[in-house]
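Take a look at the structure set out below.
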Amino acid sequence: MDIQVLYEDNHLIAVNKRPGDIVQGDKTGDEPLSEKVKRYIGDKYQKPGAVFLGTIHRIDRPVSGVVLFARTSKALERMNEQFREREVQKTYWAVTQNTPNPTHGKLVHYLVKKESLNKSFASLEQKPGSSRCELDYRVLAATERYTLVEVLPLTGRHHQIRVQLSTIGCPIKGDLKYGAKRSNPDGSIHLHARKLEFNHPVTKETINILAPVPQERLWQDLEKMAAQS
């Protein structure tokens, strides 16, 4: 099976999305991650007929990392509420071309989404139709060319992390849309949904789900440097 399961019980299942996978079906017609997870559940538990799977949240196609699905309608409803109320703590790792200055802090911008371009634009001043977005960040490690930045988004705007880091002169590696110098060979960008922390929708216990970084040299090297610092 071509999915990596990070967490699984009767109510939820979390997988480590590979860059390039789509979470839900779109106009490309490519098989979405949701269908792969349904097939995994059907095969593992020998479920006849249709498998229920609710998509709780999504991450962009070129991004990797943890994606959480609901296996029951009750879990889906309760997790949707936690996401809506911003009770879920999301942690991302980004590899940027430059090092943020200062090396830790908060970014606040106002974003305008251009649907026709599937792109967001950030400014420091509020504009008509703009939405306030915030994130906290800190530098974890750096090489001569690249920097590993941990990001905690405090809002959930379109392409928020990508556009906010680009706006301060630190575009994400491979992210041509937001200022990277060149693309990655596989079309990915170096943005990884590293961790989700939330209260279980049924047991109420705190759940922490950690997604290993992609099996790629730069990711692996920066992760080792961060662990040693």
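We label chains A, B, ... in the order they appear in the structure tokens, count residues from 1 in each chain, and number ligands from 1 in the order shown.
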Closest pair table for range 202-224 of chain A residues within 12 Å of range 148-167 of chain A, only C-alpha atoms, as CSV:
```
residue,atom,partner,partner_atom,distance
A:Val213,CA,A:Leu148,CA,11.8
A:Leu218,CA,A:Leu148,CA,9.8
A:Trp219,CA,A:Leu148,CA,8.6
A:Gln220,CA,A:Leu148,CA,10.9
A:Asp221,CA,A:Leu148,CA,10.1
A:Leu222,CA,A:Leu148,CA,6.5
A:Glu223,CA,A:Leu148,CA,8.1
A:Lys224,CA,A:Leu148,CA,10.9
```
Output N, CA and C atoms of each residue in that selection to a file, as a PDB file, in the first residue's frame.
```
ATOM      1  N   VAL A 213       9.936  13.759   7.945  1.00  0.00           N
ATOM      2  CA  VAL A 213      10.193  14.569   6.750  1.00  0.00           C
ATOM      3  C   VAL A 213      10.441  13.655   5.555  1.00  0.00           C
ATOM      4  N   LEU A 218      18.417  16.960   1.600  1.00  0.00           N
ATOM      5  CA  LEU A 218      18.388  18.255   2.274  1.00  0.00           C
ATOM      6  C   LEU A 218      17.489  18.216   3.509  1.00  0.00           C
ATOM      7  N   TRP A 219      16.290  17.641   3.354  1.00  0.00           N
ATOM      8  CA  TRP A 219      15.396  17.502   4.506  1.00  0.00           C
ATOM      9  C   TRP A 219      16.079  16.720   5.630  1.00  0.00           C
ATOM     10  N   GLN A 220      16.693  15.614   5.267  1.00  0.00           N
ATOM     11  CA  GLN A 220      17.314  14.751   6.286  1.00  0.00           C
ATOM     12  C   GLN A 220      18.469  15.472   6.996  1.00  0.00           C
ATOM     13  N   ASP A 221      19.288  16.182   6.205  1.00  0.00           N
ATOM     14  CA  ASP A 221      20.437  16.880   6.794  1.00  0.00           C
ATOM     15  C   ASP A 221      19.984  17.997   7.750  1.00  0.00           C
ATOM     16  N   LEU A 222      18.981  18.760   7.323  1.00  0.00           N
ATOM     17  CA  LEU A 222      18.506  19.862   8.175  1.00  0.00           C
ATOM     18  C   LEU A 222      17.819  19.342   9.434  1.00  0.00           C
ATOM     19  N   GLU A 223      17.115  18.224   9.308  1.00  0.00           N
ATOM     20  CA  GLU A 223      16.481  17.637  10.496  1.00  0.00           C
ATOM     21  C   GLU A 223      17.543  17.206  11.511  1.00  0.00           C
ATOM     22  N   LYS A 224      18.617  16.599  11.035  1.00  0.00           N
ATOM     23  CA  LYS A 224      19.721  16.182  11.928  1.00  0.00           C
ATOM     24  C   LYS A 224      20.356  17.398  12.594  1.00  0.00           C
TER      25      LYS A 224
END
```
Note to self: I'd like to know which of A:Val108, A:Ile172, A:Val23, A:Ala226 is closest to Ala142 in chain A, using only C-alpha atoms.
What the structure shows: A:Ala226
Would you tabulate, counting only C-alpha atoms, all residues of range 26-89 of chain A that have an atom at most 12 Å from an atom of range 94-105 of chain A, showing the closest pair of atoms and their distance in Å to one decimal, sorted by chain then ascending number, as JSON lines?
```
{"residue": "A:Val63", "atom": "CA", "partner": "A:Ala94", "partner_atom": "CA", "distance": 9.8}
{"residue": "A:Ser64", "atom": "CA", "partner": "A:Ala94", "partner_atom": "CA", "distance": 10.5}
{"residue": "A:Gly65", "atom": "CA", "partner": "A:Ala94", "partner_atom": "CA", "distance": 11.3}
```
Note to self: List the spatial neighbours of His11 in chain A as number ranges by chain - criterion: any atom at most 7 Å away, only C-alpha atoms, same-chain residues fewer than 2 positions off excluded.
What the structure shows: A: 9, 70-72, 75
Write the residues of the preceding selection, restricted to N, CA and C atoms, as an mmCIF file, in the first residue's frame.
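Once written, part.cif looks like this:
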```
data_model
loop_
_atom_site.group_PDB
_atom_site.id
_atom_site.type_symbol
_atom_site.label_atom_id
_atom_site.label_comp_id
_atom_site.auth_asym_id
_atom_site.auth_seq_id
_atom_site.Cartn_x
_atom_site.Cartn_y
_atom_site.Cartn_z
ATOM 1 N N ASP A 9 -7.251 4.778 14.651
ATOM 2 C CA ASP A 9 -8.148 4.113 15.595
ATOM 3 C C ASP A 9 -9.523 4.000 14.950
ATOM 4 N N ALA A 70 -11.442 11.522 9.078
ATOM 5 C CA ALA A 70 -12.377 10.959 10.057
ATOM 6 C C ALA A 70 -12.967 9.666 9.522
ATOM 7 N N ARG A 71 -13.091 8.673 10.398
ATOM 8 C CA ARG A 71 -13.665 7.388 10.001
ATOM 9 C C ARG A 71 -15.140 7.270 10.376
ATOM 10 N N THR A 72 -15.648 8.254 11.110
ATOM 11 C CA THR A 72 -17.069 8.274 11.455
ATOM 12 C C THR A 72 -17.606 9.693 11.270
ATOM 13 N N ALA A 75 -16.947 11.807 14.438
ATOM 14 C CA ALA A 75 -15.577 12.312 14.523
ATOM 15 C C ALA A 75 -15.367 13.464 13.542
#
```
Checklist line | range 31-218 of chain A: residues DSSP assigns to strand (DSSP E or B), reported as a count of residues only | finding: 67
Next item on the list: Would you please work out which residue, of A:Val112, A:Gln228, A:Asn80, A:Pro62, is nearest to Leu176 in chain A when using only C-alpha atoms?
Entry: A:Pro62
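Among A:His57, A:Tyr92, A:Leu68, A:Tyr178, the residue with the shortest atom-to-atom distance to Ala122 in chain A, counting only C-alpha atoms, is A:Tyr178.
For range 109-191 of chain A, backbone-based DSSP labels the following residues as helix (DSSP H, G or I): Glu115, Ser116, Leu117, Gln160, Ile161, Arg162, Val163, Gln164, Leu165, Ser166, Thr167, Leu176, Lys177 and Tyr178 of chain A.
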Produce a file of the selected residues containing N, CA and C atoms, as a CSV table (one decimal), in the first residue's frame.
```
chain,number,residue,atom,x,y,z
A,115,GLU,N,-8.3,34.5,-7.2
A,115,GLU,CA,-8.8,33.2,-7.6
A,115,GLU,C,-8.3,32.8,-9.0
A,116,SER,N,-8.3,33.8,-9.9
A,116,SER,CA,-7.9,33.5,-11.3
A,116,SER,C,-6.4,33.0,-11.4
A,117,LEU,N,-5.6,33.4,-10.5
A,117,LEU,CA,-4.2,33.0,-10.4
A,117,LEU,C,-3.9,31.9,-9.4
A,160,GLN,N,-1.0,30.8,3.1
A,160,GLN,CA,-0.5,31.8,4.0
A,160,GLN,C,1.0,31.7,4.3
A,161,ILE,N,1.5,30.5,4.7
A,161,ILE,CA,2.9,30.4,5.0
A,161,ILE,C,3.8,30.7,3.8
A,162,ARG,N,3.4,30.2,2.7
A,162,ARG,CA,4.2,30.5,1.4
A,162,ARG,C,4.3,32.0,1.1
A,163,VAL,N,3.2,32.7,1.2
A,163,VAL,CA,3.3,34.1,0.8
A,163,VAL,C,3.9,35.0,1.9
A,164,GLN,N,3.6,34.6,3.2
A,164,GLN,CA,4.2,35.4,4.3
A,164,GLN,C,5.7,35.3,4.3
A,165,LEU,N,6.3,34.1,4.2
A,165,LEU,CA,7.7,33.9,4.2
A,165,LEU,C,8.3,34.6,2.9
A,166,SER,N,7.7,34.5,1.8
A,166,SER,CA,8.2,35.1,0.6
A,166,SER,C,8.2,36.7,0.8
A,167,THR,N,7.2,37.2,1.4
A,167,THR,CA,7.1,38.6,1.6
A,167,THR,C,8.3,39.2,2.4
A,176,LEU,N,8.2,28.3,-7.0
A,176,LEU,CA,8.3,29.3,-8.0
A,176,LEU,C,7.1,30.4,-7.9
A,177,LYS,N,6.0,29.9,-7.6
A,177,LYS,CA,4.8,30.8,-7.5
A,177,LYS,C,5.1,32.0,-6.5
A,178,TYR,N,5.9,31.7,-5.5
A,178,TYR,CA,6.2,32.8,-4.5
A,178,TYR,C,7.6,33.1,-4.4
```
Margin query: As an exercise, work out the distance from CA of Gly20 in chain A to CA of Asn118 in chain A in Å and give it to one decimal place.
Written below: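 The value is 16.7 Å.
Shortest separation to Lys113 in chain A among A:Arg58, A:Pro128, A:His192, A:Lys204 occurs at residue A:Pro128, atoms counted being only C-alpha atoms.
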Notebook entry, point to check: Interatomic distance between CA of Cys170 in chain A and CA of Ser130 in chain A?
Noted result: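 So the two atoms, CA of Cys170 in chain A and CA of Ser130 in chain A, lie 21.9 Å apart.
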Hey, which bits of range 134-222 of chain A sit within 12 Å of range 1-5 of chain A, and for each residue what's the closest pair of atoms and how far apart in Å (one decimal), counting only C-alpha atoms, rows by chain and increasing number, as CSV?
```
residue,atom,partner,partner_atom,distance
A:Ile209,CA,A:Val5,CA,10.5
A:Leu210,CA,A:Val5,CA,10.9
A:Ala211,CA,A:Gln4,CA,9.4
A:Pro212,CA,A:Gln4,CA,9.9
A:Val213,CA,A:Gln4,CA,11.9
A:Pro214,CA,A:Gln4,CA,11.4
```
Item checked: Point-to-point distance in Å for CA of Leu33 in chain A and CA of Asp60 in chain A ->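 It comes out at 12.1 Å.
Once Ser123 in chain A and its same-chain neighbours fewer than 2 positions away are set aside, His109, Tyr110, Leu111, Phe121 and Glu125 of chain A remain within 7 Å of it when counting only C-alpha atoms.
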